[in-house]
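Chemist: So here's data_36.csv (CSV, C-alpha atoms and all ligand atoms).
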```csv
chain,number,residue,atom,x,y,z
W,1,MET,CA,-30.7,31.7,43.6
W,2,ILE,CA,-30.4,27.9,44.1
W,3,VAL,CA,-30.3,25.4,41.2
W,4,ASP,CA,-32.0,22.0,40.6
W,5,PHE,CA,-30.8,21.1,37.2
W,6,HIS,CA,-32.5,17.7,36.9
W,7,CYS,CA,-36.0,17.2,38.4
W,8,HIS,CA,-39.1,15.4,37.2
W,9,LEU,CA,-41.7,18.0,38.2
W,10,ASP,CA,-44.4,16.3,36.2
W,11,LEU,CA,-44.0,13.0,38.2
W,12,TYR,CA,-44.8,14.4,41.6
W,13,PRO,CA,-48.3,13.5,42.8
W,14,GLU,CA,-49.1,17.3,43.1
W,15,PRO,CA,-47.0,18.9,40.2
W,16,ARG,CA,-48.8,22.3,40.2
W,17,SER,CA,-48.2,23.0,43.8
W,18,VAL,CA,-44.6,21.9,43.5
W,19,ALA,CA,-44.2,24.2,40.6
W,20,GLN,CA,-45.6,27.1,42.6
W,21,GLU,CA,-43.3,26.3,45.6
W,22,VAL,CA,-40.3,26.2,43.2
W,23,GLU,CA,-41.2,29.7,42.1
W,24,ASP,CA,-41.8,30.9,45.7
W,25,HIS,CA,-38.4,29.4,46.8
W,26,GLN,CA,-36.7,30.9,43.7
W,27,VAL,CA,-35.1,27.5,42.7
W,28,ALA,CA,-33.8,27.7,39.1
W,29,THR,CA,-35.2,24.3,38.0
W,30,LEU,CA,-34.7,22.2,34.9
W,31,SER,CA,-37.9,20.2,34.6
W,32,VAL,CA,-37.0,17.2,32.5
W,33,THR,CA,-39.4,14.9,30.8
W,34,THR,CA,-39.2,11.2,30.0
W,35,THR,CA,-41.4,11.1,26.9
W,36,PRO,CA,-42.0,13.6,24.1
W,37,SER,CA,-45.7,13.3,24.6
W,38,ALA,CA,-45.3,14.6,28.2
W,39,TYR,CA,-43.6,17.8,27.0
W,40,ASN,CA,-46.5,20.1,26.4
W,41,GLY,CA,-48.3,19.3,29.6
W,42,THR,CA,-45.1,19.6,31.6
W,43,ALA,CA,-44.2,22.9,29.9
W,44,ALA,CA,-47.7,24.2,30.9
W,45,LEU,CA,-46.6,23.8,34.6
W,46,ALA,CA,-43.9,26.4,33.9
W,47,ALA,CA,-46.3,29.0,32.4
W,48,GLY,CA,-45.7,32.3,34.2
W,49,LYS,CA,-43.0,30.8,36.3
W,50,PRO,CA,-39.6,32.1,34.9
W,51,MET,CA,-37.6,29.9,37.3
W,52,ILE,CA,-38.7,26.7,35.6
W,53,LYS,CA,-37.2,25.6,32.3
W,54,THR,CA,-38.7,22.6,30.6
W,55,ALA,CA,-36.6,20.0,28.8
W,56,LEU,CA,-37.8,17.8,26.0
W,57,GLY,CA,-36.7,14.2,26.7
W,58,ILE,CA,-37.0,10.5,25.8
W,59,HIS,CA,-35.6,8.4,28.7
W,60,PRO,CA,-33.4,5.5,27.6
W,61,GLU,CA,-35.4,3.1,29.7
W,62,LEU,CA,-38.4,4.0,27.7
W,63,ALA,CA,-36.6,3.9,24.3
W,64,VAL,CA,-38.3,0.8,23.0
W,65,GLU,CA,-41.8,1.7,24.2
W,66,ARG,CA,-41.5,5.3,23.0
W,67,SER,CA,-39.3,5.2,19.9
W,68,SER,CA,-42.5,5.9,17.9
W,69,GLU,CA,-42.5,9.3,19.6
W,70,LEU,CA,-39.3,10.5,17.9
W,71,GLU,CA,-41.4,12.3,15.3
W,72,ILE,CA,-43.0,14.2,18.2
W,73,PHE,CA,-39.6,14.9,19.6
W,74,ASP,CA,-38.5,16.4,16.3
W,75,SER,CA,-41.6,18.5,15.9
W,76,LEU,CA,-41.2,20.0,19.4
W,77,LEU,CA,-37.5,20.5,19.4
W,78,PRO,CA,-37.5,23.9,17.6
W,79,LYS,CA,-39.4,25.4,20.6
W,80,ALA,CA,-37.4,23.6,23.3
W,81,ASP,CA,-34.3,25.3,24.5
W,82,PHE,CA,-33.3,22.3,26.7
W,83,VAL,CA,-33.3,18.6,26.1
W,84,GLY,CA,-33.5,15.8,28.7
W,85,GLU,CA,-33.7,13.3,30.0
W,86,VAL,CA,-31.9,11.5,27.2
W,87,GLY,CA,-28.9,9.1,27.1
W,88,LEU,CA,-28.1,5.5,27.6
W,89,ASP,CA,-28.7,3.0,30.4
W,90,GLY,CA,-26.4,0.0,30.8
W,91,SER,CA,-28.2,-1.7,33.6
W,92,SER,CA,-28.4,-5.5,33.1
W,93,ARG,CA,-32.3,-5.4,33.2
W,94,ASN,CA,-32.2,-3.1,30.2
W,95,SER,CA,-29.6,-5.1,28.2
W,96,ALA,CA,-32.1,-6.2,25.5
W,97,SER,CA,-32.9,-2.6,24.7
W,98,ARG,CA,-29.4,-1.4,24.2
W,99,PRO,CA,-29.4,-1.3,20.4
W,100,VAL,CA,-32.7,0.6,20.3
W,101,GLN,CA,-31.5,2.9,23.1
W,102,ARG,CA,-28.5,3.8,21.0
W,103,GLN,CA,-30.6,4.4,17.8
W,104,VAL,CA,-32.9,6.7,19.8
W,105,PHE,CA,-30.0,8.6,21.4
W,106,ASP,CA,-28.2,9.0,18.1
W,107,HIS,CA,-31.4,10.3,16.6
W,108,VAL,CA,-31.8,12.8,19.4
W,109,LEU,CA,-28.2,14.0,19.0
W,110,ARG,CA,-28.6,14.3,15.2
W,111,SER,CA,-31.8,16.3,15.7
W,112,CYS,CA,-30.2,18.6,18.3
W,113,ALA,CA,-27.3,19.2,15.9
W,114,ARG,CA,-29.7,20.1,13.1
W,115,GLU,CA,-31.4,22.6,15.3
W,116,GLY,CA,-28.1,24.3,16.1
W,117,GLY,CA,-27.4,22.5,19.4
W,118,ARG,CA,-29.1,22.3,22.8
W,119,VAL,CA,-28.1,22.1,26.4
W,120,MET,CA,-28.8,18.4,27.2
W,121,SER,CA,-29.3,16.6,30.6
W,122,ILE,CA,-27.8,13.2,30.0
W,123,HIS,CA,-28.4,9.9,31.7
W,124,SER,CA,-25.4,7.5,31.5
W,125,ARG,CA,-26.0,5.0,34.3
W,126,GLY,CA,-24.0,1.8,33.7
W,127,ALA,CA,-23.0,3.1,30.3
W,128,PRO,CA,-20.5,6.0,30.7
W,129,ALA,CA,-18.1,5.0,28.0
W,130,VAL,CA,-20.7,4.4,25.2
W,131,THR,CA,-22.6,7.5,26.2
W,132,LEU,CA,-19.4,9.6,25.9
W,133,GLU,CA,-18.6,7.8,22.6
W,134,ALA,CA,-22.0,8.8,21.2
W,135,LEU,CA,-21.5,12.4,22.4
W,136,ALA,CA,-18.0,12.6,20.9
W,137,ALA,CA,-19.4,11.5,17.5
W,138,ARG,CA,-21.8,14.5,17.6
W,139,PRO,CA,-19.9,17.5,19.0
W,140,ASP,CA,-22.4,19.8,17.2
W,141,ALA,CA,-25.3,18.4,19.3
W,142,GLY,CA,-24.8,21.0,21.9
W,143,LEU,CA,-23.7,21.1,25.5
W,144,PRO,CA,-24.0,17.8,27.5
W,145,VAL,CA,-24.7,18.1,31.3
W,146,LEU,CA,-24.0,14.6,32.7
W,147,HIS,CA,-26.6,13.9,35.3
W,148,TRP,CA,-25.6,11.7,38.3
W,149,PHE,CA,-22.4,10.6,36.6
W,150,THR,CA,-21.0,7.3,38.0
W,151,GLY,CA,-18.2,6.5,35.6
W,152,THR,CA,-14.6,5.8,36.4
W,153,PRO,CA,-12.0,8.5,36.9
W,154,LYS,CA,-10.8,7.8,33.3
W,155,ASN,CA,-14.4,8.2,32.0
W,156,LEU,CA,-14.6,11.5,33.9
W,157,LYS,CA,-11.4,12.7,32.2
W,158,THR,CA,-12.9,11.9,28.8
W,159,ALA,CA,-16.0,13.8,29.7
W,160,ILE,CA,-14.1,16.8,30.9
W,161,ASP,CA,-12.0,16.8,27.7
W,162,LEU,CA,-15.3,16.7,25.7
W,163,GLY,CA,-16.5,19.8,27.4
W,164,CYS,CA,-19.2,18.2,29.5
W,165,TRP,CA,-20.8,19.8,32.5
W,166,PHE,CA,-22.1,17.9,35.5
W,167,SER,CA,-25.2,18.0,37.7
W,168,VAL,CA,-24.5,16.5,41.1
W,169,GLY,CA,-27.0,15.3,43.7
W,170,LEU,CA,-27.0,14.0,47.2
W,171,PRO,CA,-26.6,10.3,46.3
W,172,MET,CA,-23.3,11.1,44.5
W,173,LEU,CA,-22.1,13.2,47.4
W,174,SER,CA,-22.9,10.4,49.8
W,175,THR,CA,-20.3,7.8,48.6
W,176,ASP,CA,-16.5,8.0,48.6
W,177,LYS,CA,-16.4,7.2,44.9
W,178,GLY,CA,-18.9,9.9,44.0
W,179,ARG,CA,-17.1,12.5,46.2
W,180,GLU,CA,-13.8,11.6,44.5
W,181,LEU,CA,-15.3,12.2,41.1
W,182,VAL,CA,-16.8,15.5,42.2
W,183,ARG,CA,-13.4,16.7,43.5
W,184,SER,CA,-12.0,16.0,40.0
W,185,MET,CA,-14.7,18.1,38.2
W,186,PRO,CA,-13.9,21.6,37.0
W,187,VAL,CA,-15.7,23.7,39.6
W,188,ASP,CA,-17.0,26.1,36.9
W,189,ARG,CA,-18.9,23.2,35.3
W,190,ILE,CA,-20.8,21.9,38.4
W,191,LEU,CA,-24.5,22.3,39.0
W,192,THR,CA,-26.7,20.8,41.7
W,193,GLU,CA,-29.7,18.5,41.1
W,194,THR,CA,-32.3,16.4,43.1
W,195,ASP,CA,-33.6,14.0,40.4
W,196,GLY,CA,-36.8,14.3,42.5
W,197,PRO,CA,-39.1,12.6,43.1
W,198,PHE,CA,-36.9,9.5,42.6
W,199,THR,CA,-34.5,10.4,45.4
W,200,THR,CA,-34.9,11.1,49.1
W,201,THR,CA,-33.8,13.9,51.3
W,202,SER,CA,-34.1,13.5,55.1
W,203,GLY,CA,-36.3,10.4,54.7
W,204,GLY,CA,-38.9,11.9,52.3
W,205,PRO,CA,-39.1,12.5,48.5
W,206,SER,CA,-36.7,15.2,47.4
W,207,TYR,CA,-38.2,18.5,46.2
W,208,PRO,CA,-36.2,21.1,44.2
W,209,TRP,CA,-35.7,23.4,47.3
W,210,HIS,CA,-33.9,20.5,49.0
W,211,VAL,CA,-30.8,21.4,46.9
W,212,THR,CA,-29.9,23.5,49.9
W,213,THR,CA,-28.9,20.2,51.5
W,214,THR,CA,-27.0,19.2,48.3
W,215,LEU,CA,-25.2,22.5,48.4
W,216,GLU,CA,-24.0,21.9,52.0
W,217,ALA,CA,-22.7,18.5,51.0
W,218,LEU,CA,-21.1,19.9,47.8
W,219,ALA,CA,-19.4,22.7,49.8
W,220,GLN,CA,-17.7,20.2,52.1
W,221,VAL,CA,-16.5,18.1,49.2
W,222,VAL,CA,-15.0,21.1,47.3
W,223,ALA,CA,-13.8,22.7,50.6
W,224,LEU,CA,-15.7,26.0,50.3
W,225,PRO,CA,-18.1,27.7,52.7
W,226,THR,CA,-21.7,26.9,51.8
W,227,THR,CA,-22.4,30.5,50.8
W,228,ASP,CA,-19.5,30.4,48.3
W,229,ALA,CA,-20.7,27.0,46.9
W,230,ARG,CA,-24.2,28.5,46.5
W,231,GLN,CA,-22.7,31.5,44.7
W,232,LEU,CA,-20.6,29.3,42.5
W,233,VAL,CA,-23.4,27.1,41.3
W,234,SER,CA,-25.7,30.1,40.8
W,235,GLN,CA,-23.0,31.8,38.6
W,236,ASN,CA,-22.4,28.5,36.7
W,237,PHE,CA,-26.1,28.3,36.0
W,238,THR,CA,-26.2,31.9,34.8
W,239,ASN,CA,-23.2,31.3,32.5
W,240,LEU,CA,-24.8,28.1,31.1
W,241,VAL,CA,-28.1,29.7,30.3
W,242,ALA,CA,-26.5,32.8,28.9
W,243,GLY,CA,-24.7,30.6,26.4
W,244,ALA,CA,-27.7,28.5,25.7
W,245,VAL,CA,-30.7,30.7,24.9
W,301,MN,MN,-34.0,11.5,36.1
```
Before we go any further, please render this structure as C-alpha cells.

Modeler:
Amino acid sequence: MIVDFHCHLDLYPEPRSVAQEVEDHQVATLSVTTTPSAYNGTAALAAGKPMIKTALGIHPELAVERSSELEIFDSLLPKADFVGEVGLDGSSRNSASRPVQRQVFDHVLRSCAREGGRVMSIHSRGAPAVTLEALAARPDAGLPVLHWFTGTPKNLKTAIDLGCWFSVGLPMLSTDKGRELVRSMPVDRILTETDGPFTTTSGGPSYPWHVTTTLEALAQVVALPTTDARQLVSQNFTNLVAGAV
C-alpha cells in the first residue's frame, strides 16, 4: 500500500476517474475538503472505494467567506472520522483574515474535542507557532497531522512534543530546509502526501499514485531503501487509522 494523506480529490477536473484510479492503484488516500458544504459530494466519490477516506474541512483561506458554514461543519462532524483541511494561514495576503481564521480554527478544535477527538490534517503555512499554540490549548481535539510543515526547527520540536504527526510531500523534500526538518521528525510519525492537484510531479499535476516519487525522495532523506520507506509509511498509516476509527 502507498499513502497520500492530503489530496483534494474533489478539485481535479475529473474527480470520479481519479477516485477510480486511486482504488485501482491501491493508494490509501485522505481526501480533504476546503468547505463543509463540499463534504457530502466529496464523500460520495469514495462510495465503494475503501482506500479513500474523506475529511471534513474548512480551509483557513476561506475562513471569512465560509464561517457561516460552521453549523454545517458541526452537523457533519459526528459521521466524519477525519478532519481537514483546517488550520491557520499566515501569508501576508491573508493578514486581514487572521482573527476570523483563529475563531474558525478554535471552533473546529472545540467541536472535535466535543466529539471525542479526530485525526486532523492541519495547514500552518506562515503560521507555525500560532497553529501549534491553538493545538496545545486543545489537546483533546485529537491527533494533528501537520501537512507541508515549514516552521523552524524550534517549531518542529514543539510540534513533536505535542504529539503531532507529519505528512510530507515532494516540495518539502526538494529544499535543504525541508529535508533538514524531515530528518528531525520521528520516523514512526511520517506519512506521504501530494496536496494534488495544487502541486506538480514531473511537470504535470500530482495525482495520488505519484507518491511513489515522494517515497523515493523520502527514502533518500531518511537513508532507507525505497522499499523500506514504503513499508514504514504503510505501517504508520495502519497504526494511525487503527487508533483513529
Ligand atoms: Mn491542501

Chemist: Met172 (chain W): which residues within 12 Å, counting all atoms listed in the file, same-chain residues fewer than 6 positions away excluded, as JSON, numbers by chain?

Modeler: {"W": [147, 148, 149, 150, 151, 166, 178, 179, 180, 181, 182, 183, 192, 193, 194, 195, 199, 214, 217, 218, 221]}

Chemist: With distances taken over all atoms listed in the file, which of W:Gly142, W:Pro13, W:Gly84, W:Pro205 is nearest to Arg110 (chain W)?

Modeler: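 Comparing W:Gly142, W:Pro13, W:Gly84, W:Pro205 against Arg110 (chain W), the winner is W:Gly142.
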
Chemist: Counting all atoms listed in the file, name the residues that have an atom within 12 Å of an atom of ligand MN 301 (chain W); the answer should be given as a PyMOL selection string.

Modeler: chain W and resi 4-11+30-35+55+57-61+84-89+121-125+146-149+167-169+193-199

Chemist: Using all atoms listed in the file, which residue out of W:Leu77, W:Ile2, W:Val233, W:Leu62 lies closest to Tyr39 (chain W)?

Modeler: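 Checking each candidate against Tyr39 (chain W), we get W:Leu77 as the closest.
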
Chemist: Kindly give the distance, in Å, that separates CA of Thr200 (chain W) and CA of Ala19 (chain W), rounded to a single decimal.

Modeler: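 One can read the CA of Thr200 (chain W) to CA of Ala19 (chain W) distance as 18.2 Å.
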
Chemist: Rounded to one decimal place, report the CA of Val100 (chain W)-CA of Leu76 (chain W) distance in Å.

Modeler: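 CA of Leu76 (chain W) lies at a distance of 21.2 Å from CA of Val100 (chain W).
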
Chemist: Neighbouring residues of Glu21 (chain W) were defined as those with any atom within 9 Å, considering only C-alpha atoms; residues of the same chain fewer than 6 positions away were excluded. Please report them as JSON, numbers by chain.

Modeler: {"W": [27, 208, 209]}

Chemist: Closest to Tyr12 (chain W) among W:Tyr207, W:Ser111, W:Thr238, W:Leu56, using only C-alpha atoms?

Modeler: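 Ranking W:Tyr207, W:Ser111, W:Thr238, W:Leu56 by distance to Tyr12 (chain W), first place goes to W:Tyr207.
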
Chemist: Ranking W:Thr42, W:Ser75, W:Gln20, W:Ser67 by minimum distance to Arg102 (chain W) and counting all atoms listed in the file, which one comes first?

Modeler: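 Of W:Thr42, W:Ser75, W:Gln20, W:Ser67, the one nearest Arg102 (chain W) is W:Ser67, counting all atoms listed in the file.
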
Chemist: Of the residues W:Gln101, W:Ser92, W:Gln26, W:Gln231, which is the one nearest to Arg66 (chain W), using all atoms listed in the file?

Modeler: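 Comparing W:Gln101, W:Ser92, W:Gln26, W:Gln231 against Arg66 (chain W), the winner is W:Gln101.
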